[in-house]
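Next comes target.cif, with mmCIF, C-alpha atoms.
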data_input
loop_
_atom_site.label_atom_id
_atom_site.label_comp_id
_atom_site.auth_asym_id
_atom_site.auth_seq_id
_atom_site.Cartn_x
_atom_site.Cartn_y
_atom_site.Cartn_z
CA MET A 1 127.26 66.35 140.04
CA TRP A 2 123.86 64.94 140.99
CA VAL A 3 121.70 66.54 143.67
CA THR A 4 119.13 64.39 145.42
CA GLU A 5 116.21 65.30 147.69
CA GLN A 6 116.62 63.62 151.06
CA ASN A 7 113.12 64.13 152.45
CA ARG A 8 111.31 60.77 152.27
CA GLY A 9 107.89 60.71 150.67
CA GLN A 10 108.36 63.93 148.71
CA ARG A 11 108.94 64.32 145.01
CA VAL A 12 112.20 66.02 143.94
CA LYS A 13 112.01 69.17 141.94
CA SER A 14 113.99 69.50 138.73
CA PHE A 15 116.70 72.13 139.20
CA GLY A 16 118.04 72.15 135.62
CA ARG A 17 121.55 73.62 135.17
CA TYR A 18 123.53 75.66 137.67
CA SER A 19 127.05 77.09 137.90
CA CYS A 20 129.45 75.82 140.51
CA ALA A 21 131.66 78.17 142.53
CA GLN A 22 134.63 76.97 140.52
CA GLY A 23 132.89 78.15 137.35
CA LYS A 24 132.24 74.68 136.07
CA GLU A 25 128.81 73.87 134.79
CA SER A 26 127.13 70.66 135.92
CA GLU A 27 123.99 68.88 134.95
CA ILE A 28 121.37 68.45 137.63
CA GLY A 29 119.03 65.45 137.38
CA THR A 30 115.92 64.60 139.25
CA HIS A 31 115.81 61.65 141.60
CA ALA A 32 112.84 60.18 143.42
CA ALA A 33 114.14 59.43 146.89
CA GLY A 34 110.94 58.29 148.58
CA ARG A 35 108.12 56.01 147.76
CA GLU A 36 104.50 56.44 148.63
CA GLU A 37 103.10 54.41 151.48
CA ASN A 38 101.97 50.83 150.70
CA GLY A 39 98.48 50.68 149.24
CA SER A 40 98.16 54.38 148.50
CA SER A 41 99.47 53.86 145.00
CA THR A 42 97.15 50.92 144.25
CA ASP A 43 95.52 51.51 140.91
CA HIS A 44 91.75 52.02 141.02
CA THR A 45 91.27 49.24 138.48
CA VAL A 46 92.99 46.81 140.86
CA ARG A 47 90.93 47.99 143.84
CA GLY A 48 87.80 47.05 141.91
CA PHE A 49 88.75 43.37 142.21
CA MET A 50 89.56 43.49 145.94
CA ARG A 51 86.96 41.83 148.18
CA SER A 52 86.77 44.86 150.48
CA HIS A 53 85.84 47.08 147.53
CA ARG A 54 83.32 44.74 145.86
CA ALA A 55 79.63 45.04 146.62
CA VAL A 56 76.31 44.68 144.81
CA LYS A 57 74.42 47.74 145.99
CA GLU A 58 70.66 47.92 146.43
CA GLY A 59 70.21 49.90 143.21
CA ASP A 60 72.31 47.35 141.32
CA LEU A 61 70.19 44.52 142.72
CA HIS A 62 66.98 46.18 141.51
CA GLN A 63 68.50 46.45 138.06
CA ILE A 64 69.63 42.82 138.18
CA ASN A 65 66.12 41.68 139.15
CA SER A 66 64.62 43.64 136.25
CA MET A 67 67.01 42.02 133.79
CA LYS A 68 66.35 38.58 135.32
CA LYS A 69 62.62 39.09 134.73
CA ALA A 70 63.47 39.82 131.10
CA ARG A 71 65.09 36.34 131.02
CA LEU A 72 68.62 37.66 130.70
CA ARG A 73 71.36 35.35 131.94
CA VAL A 74 73.86 36.46 134.57
CA PRO A 75 76.84 36.74 132.15
CA THR A 76 74.72 38.99 129.93
CA ILE A 77 73.71 41.08 132.95
CA PHE A 78 77.34 41.49 133.96
CA ARG A 79 78.28 42.64 130.46
CA ALA A 80 75.46 45.20 130.62
CA PHE A 81 76.94 46.66 133.82
CA ALA A 82 80.37 46.72 132.18
CA ASN A 83 78.98 48.67 129.24
CA GLN A 84 77.39 51.17 131.65
CA SER A 85 80.58 51.72 133.64
CA GLY A 86 82.89 51.71 130.61
CA ARG A 87 84.82 48.52 131.34
CA PHE A 88 84.72 45.38 133.46
CA GLU A 89 87.28 46.66 135.98
CA THR A 90 85.09 49.57 137.08
CA VAL A 91 81.79 47.70 137.58
CA GLY A 92 82.36 47.45 141.34
CA PHE A 93 81.73 43.71 141.63
CA GLU A 94 82.44 40.46 139.83
CA ILE A 95 80.10 38.03 138.11
CA LYS A 96 80.21 35.65 141.08
CA ASP A 97 78.97 38.50 143.31
CA ILE A 98 75.82 38.64 141.19
CA TYR A 99 75.21 34.92 141.72
CA ASN A 100 75.78 35.34 145.46
CA ALA A 101 73.40 38.31 145.67
CA ILE A 102 70.65 36.43 143.81
CA GLU A 103 71.05 33.38 146.06
CA LYS A 104 71.06 35.50 149.22
CA GLN A 105 67.90 37.26 148.09
CA ARG A 106 66.23 33.93 147.32
CA ARG A 107 67.06 32.53 150.73
CA ALA A 108 65.73 35.61 152.48
CA SER A 109 62.42 35.49 150.62
CA VAL A 110 61.69 31.78 150.95
CA THR A 111 61.42 30.13 154.38
CA ASP A 112 62.08 26.45 155.02
CA ILE A 113 58.42 25.58 155.38
CA GLU A 114 57.43 27.51 152.25
CA ALA A 115 60.03 25.62 150.25
CA THR A 116 58.85 22.31 151.73
CA LEU A 117 55.18 22.93 150.99
CA LYS A 118 56.07 24.09 147.51
CA PHE A 119 57.68 20.70 146.96
CA LEU A 120 54.88 18.63 148.56
CA GLU A 121 51.74 20.40 147.28
CA PRO A 122 52.10 19.26 143.62
CA SER A 123 52.12 15.65 144.86
CA ARG A 124 48.39 15.92 145.56
CA THR A 125 47.71 15.87 141.82
CA THR A 126 48.96 12.28 141.60
CA ASP A 127 48.24 11.13 145.17
CA CYS A 128 45.22 12.73 146.80
CA GLY A 129 45.84 10.75 149.99
CA ILE A 130 49.35 12.03 150.66
CA PHE A 131 49.76 13.29 154.22
CA TRP A 132 52.35 15.44 155.95
CA LYS A 133 52.79 17.13 159.29
CA TYR A 134 55.52 19.50 160.45
CA SER A 135 56.68 21.52 163.44
CA LEU A 136 58.58 24.82 163.64
CA ASP A 137 61.22 26.02 166.06
CA GLY A 138 61.26 29.32 167.94
CA GLU A 139 62.56 31.17 164.89
CA LYS A 140 59.80 29.80 162.63
CA ARG A 141 62.20 27.45 160.88
CA LEU A 142 61.31 23.91 159.89
CA GLU A 143 62.14 21.59 162.79
CA ASN A 144 60.52 18.20 162.11
CA LEU A 145 58.67 16.84 159.08
CA PHE A 146 56.63 13.66 158.70
CA TRP A 147 55.06 12.44 155.47
CA CYS A 148 53.53 9.31 153.94
CA ASP A 149 51.69 8.48 150.73
CA GLY A 150 48.02 7.59 150.34
CA THR A 151 48.54 3.83 150.46
CA SER A 152 50.44 3.85 153.76
CA PRO A 153 47.38 3.50 156.06
CA TYR A 154 46.20 0.45 154.14
CA ASP A 155 49.68 -1.09 154.03
CA TYR A 156 50.03 -0.57 157.76
CA SER A 157 46.65 -2.15 158.49
CA VAL A 158 47.70 -5.28 156.55
CA PHE A 159 51.44 -5.53 157.22
CA GLY A 160 51.83 -3.53 160.42
CA ASP A 161 52.04 -6.43 162.85
CA VAL A 162 55.77 -5.85 162.98
CA LEU A 163 56.89 -2.22 162.82
CA GLY A 164 60.47 -1.13 162.56
CA PHE A 165 62.07 2.28 162.26
CA ASP A 166 65.65 3.26 161.59
CA THR A 167 67.29 6.61 162.36
CA THR A 168 70.68 6.02 160.73
CA TYR A 169 69.85 7.33 157.25
CA GLY A 170 70.99 10.67 155.87
CA ARG A 171 73.48 11.66 158.55
CA LYS A 172 76.54 12.15 156.38
CA LYS A 173 75.33 15.13 154.39
CA TYR A 174 72.71 17.01 156.43
CA LYS A 175 73.44 15.68 159.94
CA CYS A 176 69.69 15.21 160.48
CA PRO A 177 68.17 11.78 161.22
CA LEU A 178 65.89 10.43 158.52
CA VAL A 179 63.51 8.03 160.26
CA ILE A 180 61.83 5.38 158.08
CA PHE A 181 58.86 3.36 159.37
CA SER A 182 58.76 0.03 157.58
CA GLY A 183 57.51 -3.54 157.64
CA VAL A 184 57.48 -6.56 155.32
CA ASP A 185 54.75 -7.98 153.10
CA TYR A 186 53.83 -11.60 152.50
CA HIS A 187 56.73 -11.96 150.06
CA MET A 188 59.26 -10.56 152.56
CA ARG A 189 59.59 -7.33 150.61
CA THR A 190 60.05 -4.04 152.46
CA VAL A 191 56.95 -1.85 152.79
CA VAL A 192 57.43 1.81 153.80
CA PHE A 193 54.72 3.21 156.09
CA GLY A 194 56.11 6.73 156.46
CA CYS A 195 59.21 8.92 156.76
CA THR A 196 60.32 11.67 159.10
CA ILE A 197 63.17 14.18 159.16
CA LEU A 198 64.15 15.30 162.66
CA SER A 199 66.30 18.26 163.62
CA ASN A 200 67.63 16.35 166.63
CA GLU A 201 67.21 13.09 168.54
CA SER A 202 65.71 14.49 171.71
CA GLU A 203 62.92 12.76 173.60
CA GLU A 204 60.55 15.54 172.58
CA SER A 205 61.33 14.93 168.89
CA TYR A 206 60.62 11.21 169.17
CA VAL A 207 57.35 11.83 171.00
CA TRP A 208 56.32 14.18 168.19
CA LEU A 209 57.43 11.57 165.64
CA LEU A 210 55.33 8.71 167.07
CA ARG A 211 52.27 10.88 167.58
CA SER A 212 52.46 12.09 163.98
CA PHE A 213 52.80 8.54 162.69
CA PHE A 214 49.89 7.06 164.64
CA LEU A 215 47.75 10.09 163.88
CA ARG A 216 47.78 9.06 160.23
CA GLN A 217 47.27 5.32 160.72
#

In structure tokens, write the structure found in this file.
Amino acid sequence: MWVTEQNRGQRVKSFGRYSCAQGKESEIGTHAAGREENGSSTDHTVRGFMRSHRAVKEGDLHQINSMKKARLRVPTIFRAFANQSGRFETVGFEIKDIYNAIEKQRRASVTDIEATLKFLEPSRTTDCGIFWKYSLDGEKRLENLFWCDGTSPYDYSVFGDVLGFDTTYGRKKYKCPLVIFSGVDYHMRTVVFGCTILSNESEESYVWLLRSFFLRQ
């Protein structure tokens, strides 16, 4: 005869042997009648891979930055955290979380205009006449950018009788108009006088664009 515990969610105690009223001896087994609620039995090693349980904490980020300064690669950094915690499953985040944390930190520390100037400034070593002008929006983000090389004023003075500009470039990827001022030389070859990236095609943006262009010429 088998005796089972009917209360759901509770573990059954082992009763061992007992004697029936008829004097017969029966074996009593244990039977688990209930199961724990969903999720409560999830192993802690599995929880470590769940998005809701993964996070690169501030202390971890400091450690990551220190190892990055020592020229350690991200896979090596992740293995170091695994050695500290005992195994990969208990680190608390995955290797892709390290990449995401580094990228998020980089974006927070470098503004649009800083990144732009960092790209343009080295050009002065090869072209001392390079010119650029930019505007910022209300949140101090790069809004419009105009630039031209050192030969553009001369080219415009010689070939600028006919000036054309096109705003159809670059829309597919960044959705921002790339405006190119151009003309043609004596051999009917295209001459570029300047370029501009606009955040939108408002009247205000085009006024800024033309003023920036003629300011340089």

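Atom CA of Glu121 of chain A is positioned 28.8 Å from atom CA of Ser66 of chain A.
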
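Pairwise distance (atom CA of Pro75 of chain A, atom CA of Ile95 of chain A) equals 6.9 Å.
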
Contacts of Val184 of chain A at 12 Å or less, counting all atoms listed in the file, minus same-chain residues fewer than 3 places along, as a compact mmCIF listing (two decimals) with C-alpha atoms, keeping the file's coordinate frame?
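Dumped everything to around-v3.txt:
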# COMPACT_ATOMS: atom_id res chain seq x y z
CA ASP A 155 49.68 -1.09 154.03
CA TYR A 156 50.03 -0.57 157.76
CA VAL A 158 47.70 -5.28 156.55
CA PHE A 159 51.44 -5.53 157.22
CA GLY A 160 51.83 -3.53 160.42
CA ASP A 161 52.04 -6.43 162.85
CA VAL A 162 55.77 -5.85 162.98
CA LEU A 163 56.89 -2.22 162.82
CA GLY A 164 60.47 -1.13 162.56
CA PHE A 181 58.86 3.36 159.37
CA HIS A 187 56.73 -11.96 150.06
CA MET A 188 59.26 -10.56 152.56
CA ARG A 189 59.59 -7.33 150.61
CA THR A 190 60.05 -4.04 152.46
CA VAL A 191 56.95 -1.85 152.79
CA VAL A 192 57.43 1.81 153.80
CA PHE A 193 54.72 3.21 156.09

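Going from atom CA of Asn100 of chain A to atom CA of Leu61 of chain A covers 11.1 Å.
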
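If you measure from each of A:Leu215, A:Ala80, A:Ser205, A:Tyr134 to Glu114 of chain A using all atoms listed in the file, the closest one turns out to be A:Tyr134.
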
Can you pull out every residue within 7 Å of Cys195 of chain A, counting only C-alpha atoms, but drop anything in the same chain fewer than 3 positions away, and send it as a list in words? Phe146, Trp147, Cys148, Val179, Ile180 and Phe181 of chain A

Prev. selection, C-alpha atoms, output as a compact mmCIF listing (two decimals), in the coordinates of the input:
# COMPACT_ATOMS: atom_id res chain seq x y z
CA PHE A 146 56.63 13.66 158.70
CA TRP A 147 55.06 12.44 155.47
CA CYS A 148 53.53 9.31 153.94
CA VAL A 179 63.51 8.03 160.26
CA ILE A 180 61.83 5.38 158.08
CA PHE A 181 58.86 3.36 159.37

Residue with smallest distance to Trp132 of chain A - pool A:Gln63, A:Thr196, A:Ser202, A:Ser157, counting all atoms listed in the file: A:Thr196

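Distances from A:Val91, A:Arg79, A:Leu72, A:Phe165 to Tyr206 of chain A were compared using only C-alpha atoms, and the smallest one belongs to A:Phe165.
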
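The nearest approach to Tyr154 of chain A among the residues A:Gln217, A:Thr76, A:Asn65, A:Thr126, with only C-alpha atoms taken into account, belongs to A:Gln217.
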
Return as lines of an AutoDock Vina configuration file the centre and edge lengths, in Å with one decimal, of the box along x, y and z that encloses every atom of segment 114-124 of chain A in the file, padded by 3 Å per side.
center_x = 54.2
center_y = 21.6
center_z = 147.9
size_x = 17.6
size_y = 17.9
size_z = 14.6
